[in-house]
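Each remark here refers to the structure printed beneath this line.
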Amino acid sequence: MSHFQIKKVLDLLTHGVYIIGVKYRSKINGMTAAWVNQVSSQPPMISVAISKTHYTSELISQAKSFSVNILSPNQMELARKCGFSSGRDQDKLLDEKFTYQATGAPILSNCSAYLDCTLSHQFEVGDHVLFIGTVIKANSNNEPVLIYKSSDFFN
Ligand SMILES: Cc1cc2nc3c(=O)[nH]c(=O)nc-3n(C[C@H](O)[C@H](O)[C@H](O)COP(=O)(O)O)c2cc1C
C-alpha cells in the first residue's frame with residue numbers, strides 16, 4: 001500500500017489544534033501540534049508526539065514540563081506562526097500574552113483552554129518523541145475549539 005494512501009486515511013483522524021508551551025531557563029517557546037491525546041484518567045495524563053528534530057522536543061526534555069494551549073477557531077494565524085518556524089530562529093511568543101500557572105510552562109492568554117503538565121515519561125516512537133504529561137492544572141473559558149483540518153495548513 002502506498003504511503004500516500006495511508007497518509008490520506010490518517011488525515012481522517014480527528015484532532016484539535018494546540019500550542020505546546022515550554023520554558024527552560026530563559027528559553028520560552030510555543031509550537032503548534034495536532035497529535036495530542038488523553039492516555040489516562042487517574043491520574044489525568046496526556047500524550048503529545050513531537051518530531052525528534054524540533055526545538056520543542058529538546059526544551060521539554062530539559063524543562064520536564066509543558067503546557068497544551070487549546071486554540072479557538074479565530075486563532076489560525078497563531079497556529080501558522082507557531083507551526084511553520086522554529087524557536088531556534090525566532091521568539092514566536094514575543095508578541096503573545098501569557099502567564100505561568102502550576103509548572104512554569106507558558107499559558108497563552110485568549111486560548112479556549114489549557115492543560116499545565118509535568119513530564120512523566122518520554123519514548124522515541126519512529127521519527128517522533130512521545131511525551132507523556134500528568135495534568136496538574138487546567139482551565140477552560142467554555143468557548144468553541146479549533147478543529148484540525150490538514151488542508152487548512154498543508155497542500
Ligand atoms: C496545524 C499544525 C499541526 C502540527 N502538528 C504537529 C505535531 O503534532 N507534532 C509535531 O512534531 N509537529 C507538528 N507541527 C509542526 C511544528 O509545529 C513545526 O515544525 C514547528 O516549526 C516546530 O517548531 P519548534 O522547532 O520551535 O519546536 C504542526 C504544524 C501545524 C501547522
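Starting from 1 in every chain, residues are counted up; chains themselves are A, B, ... following the order of the C-alpha cells, and ligands are numbered from 1 as listed.
Surrounding segment 86-89 of chain A within 10 Å are Lys27, Ile28, Asn29, Gly30, Met31, His54, Tyr55, Thr56, Lys81, Cys82, Gly83, Phe84, Asp91, Lys92 and Leu93 of chain A, with only C-alpha atoms counted and residues fewer than 2 positions along the same chain left out.
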The selected residues should be written to file as a compact mmCIF listing (two decimals), in the first residue's frame (atoms: N, CA and C atoms).
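And here is the file that came out, result_14.txt:
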# COMPACT_ATOMS: atom_id res chain seq x y z
N LYS A 27 14.74 30.29 28.02
CA LYS A 27 14.21 29.97 26.68
C LYS A 27 12.73 29.62 26.78
N ILE A 28 11.92 30.37 26.02
CA ILE A 28 10.47 30.17 26.03
C ILE A 28 10.04 29.88 24.61
N ASN A 29 9.21 28.86 24.42
CA ASN A 29 8.81 28.54 23.04
C ASN A 29 7.36 28.06 22.99
N GLY A 30 6.76 28.24 21.81
CA GLY A 30 5.44 27.71 21.52
C GLY A 30 5.46 26.99 20.19
N MET A 31 4.88 25.83 20.13
CA MET A 31 4.88 25.03 18.89
C MET A 31 3.48 24.49 18.61
N HIS A 54 12.56 18.82 16.40
CA HIS A 54 12.01 20.13 16.77
C HIS A 54 12.66 20.66 18.05
N TYR A 55 12.80 21.95 18.10
CA TYR A 55 13.36 22.64 19.27
C TYR A 55 12.54 22.30 20.52
N THR A 56 11.22 22.18 20.33
CA THR A 56 10.31 21.90 21.46
C THR A 56 10.65 20.58 22.15
N LYS A 81 1.79 30.79 12.81
CA LYS A 81 3.04 31.40 13.29
C LYS A 81 3.88 30.39 14.06
N CYS A 82 3.23 29.58 14.90
CA CYS A 82 3.98 28.65 15.74
C CYS A 82 4.21 27.30 15.05
N GLY A 83 3.65 27.14 13.82
CA GLY A 83 3.72 25.84 13.15
C GLY A 83 4.63 25.80 11.94
N PHE A 84 5.14 26.96 11.52
CA PHE A 84 5.97 26.96 10.32
C PHE A 84 7.30 27.64 10.52
N ASP A 91 11.78 34.21 18.32
CA ASP A 91 10.97 34.12 19.53
C ASP A 91 9.51 34.21 19.12
N LYS A 92 8.85 33.05 18.99
CA LYS A 92 7.49 33.02 18.45
C LYS A 92 6.46 33.59 19.41
N LEU A 93 6.79 33.66 20.69
CA LEU A 93 5.81 34.15 21.67
C LEU A 93 6.06 35.60 22.07
10 Å from ligand 1 is the threshold here; counting only C-alpha atoms and all ligand atoms, which polymer residues fall inside it? Answer as an MDAnalysis selection string. chainID A and resid 15:22 28:36 48:60 76:92 127:130 147:154
Please save C-alpha atoms of the selected residues as a short mmCIF file (atom, residue, chain, number, x, y, z; two decimals), in the first residue's frame.
data_model
loop_
_atom_site.label_atom_id
_atom_site.label_comp_id
_atom_site.auth_asym_id
_atom_site.auth_seq_id
_atom_site.Cartn_x
_atom_site.Cartn_y
_atom_site.Cartn_z
CA HIS A 15 -7.66 16.35 16.22
CA GLY A 16 -7.79 19.81 17.68
CA VAL A 17 -5.09 22.42 17.17
CA TYR A 18 -2.85 23.21 20.13
CA ILE A 19 0.15 25.33 21.05
CA ILE A 20 2.61 23.34 23.13
CA GLY A 21 4.27 25.81 25.52
CA VAL A 22 7.60 25.24 27.22
CA ILE A 28 10.47 30.17 26.03
CA ASN A 29 8.81 28.54 23.04
CA GLY A 30 5.44 27.71 21.52
CA MET A 31 4.88 25.03 18.89
CA THR A 32 1.70 24.12 17.02
CA ALA A 33 0.66 20.48 17.43
CA ALA A 34 -2.27 18.32 16.41
CA TRP A 35 -1.08 14.98 17.77
CA VAL A 36 -2.32 15.35 21.37
CA VAL A 48 1.92 14.71 22.63
CA ALA A 49 4.02 13.42 19.71
CA ILE A 50 6.77 15.85 18.71
CA SER A 51 9.38 15.36 16.00
CA LYS A 52 12.81 14.49 17.37
CA THR A 53 14.29 17.38 15.41
CA HIS A 54 12.01 20.13 16.77
CA TYR A 55 13.36 22.64 19.27
CA THR A 56 10.31 21.90 21.46
CA SER A 57 11.44 18.27 21.96
CA GLU A 58 14.81 19.47 23.21
CA LEU A 59 13.24 22.02 25.57
CA ILE A 60 10.59 19.68 27.07
CA MET A 76 -5.50 30.19 12.85
CA GLU A 77 -2.88 32.91 12.48
CA LEU A 78 -1.23 31.94 15.79
CA ALA A 79 -1.31 28.27 14.71
CA ARG A 80 0.53 29.19 11.50
CA LYS A 81 3.04 31.40 13.29
CA CYS A 82 3.98 28.65 15.74
CA GLY A 83 3.72 25.84 13.15
CA PHE A 84 5.97 26.96 10.32
CA SER A 85 9.04 28.39 12.02
CA SER A 86 11.35 27.17 14.75
CA GLY A 87 12.02 28.73 18.12
CA ARG A 88 15.68 28.15 17.31
CA ASP A 89 15.40 31.01 14.77
CA GLN A 90 12.87 33.38 16.32
CA ASP A 91 10.97 34.12 19.53
CA LYS A 92 7.49 33.02 18.45
CA ASP A 127 10.64 9.84 13.94
CA HIS A 128 8.82 11.44 16.91
CA VAL A 129 9.18 11.56 20.70
CA LEU A 130 6.03 10.71 22.64
CA ILE A 147 -10.71 21.51 14.83
CA TYR A 148 -7.67 20.42 12.79
CA LYS A 149 -8.13 20.04 9.05
CA SER A 150 -4.88 19.28 7.24
CA SER A 151 -5.96 21.17 4.09
CA ASP A 152 -6.25 24.38 6.16
CA PHE A 153 -2.48 24.21 6.71
CA PHE A 154 -0.82 21.88 4.18
#
Would you please give, as a ChimeraX atom specification, all residues of segment 62-96 of chain A that DSSP assigns to strand (DSSP E) based on the backbone? /A:65-70
Within 10 Å of Ser140 of chain A, counting only C-alpha atoms, which residues qualify if same-chain residues fewer than 5 places away don't, as a list in words? Asn69, Ile70, Cys111, Ser112, Ala113, Tyr114 and Leu115 of chain A
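Minimum atom-to-atom distances from A:Val135, A:Val39, A:Ile6, A:Leu12 to Ser65 of chain A were compared using only C-alpha atoms, and the lowest value belongs to A:Val135.
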Selected residue, from A:Lys64, A:Lys8, A:His3, A:Lys23, that lies nearest to Ala105 of chain A when counting only C-alpha atoms: A:Lys23
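Proximity to Leu108 of chain A was assessed for A:Val125, A:Phe131, A:Pro73, A:Ser67 counting only C-alpha atoms; the smallest distance is recorded for A:Ser67.
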Mind checking DSSP for segment 31-108 of chain A and telling me the helix (DSSP H, G or I) residues as a list of chain:residue names? A:Tyr55, A:Thr56, A:Ser57, A:Glu58, A:Leu59, A:Ile60, A:Ser61, A:Gln62, A:Ala63, A:Met76, A:Glu77, A:Leu78, A:Ala79, A:Arg80, A:Lys81, A:Cys82, A:Gly83
So that I can see what lies close to Ile132 of chain A, please list as a PyMOL selection string the residues with an atom at most 9 Å from it, counting only C-alpha atoms and leaving out residues fewer than 6 positions away in the same chain. chain A and resi 39+45-49+117-123
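Comparing A:Asn155, A:Gln101, A:Gln62, A:Ser41 by their smallest distance to Ala138 of chain A, the closest is A:Gln101 (using only C-alpha atoms).
With only C-alpha atoms as the atoms that count, the minimum distance from Pro144 of chain A to the choices A:Gln75, A:Phe4, A:Pro44, A:Leu10 is reached by A:Gln75.
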What is the atom CA of Val68 of chain A to atom CA of Pro106 of chain A distance in Å? 9.2 Å
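Straight-line separation from atom CA of Lys7 of chain A to atom CA of Ser72 of chain A: 25.7 Å.
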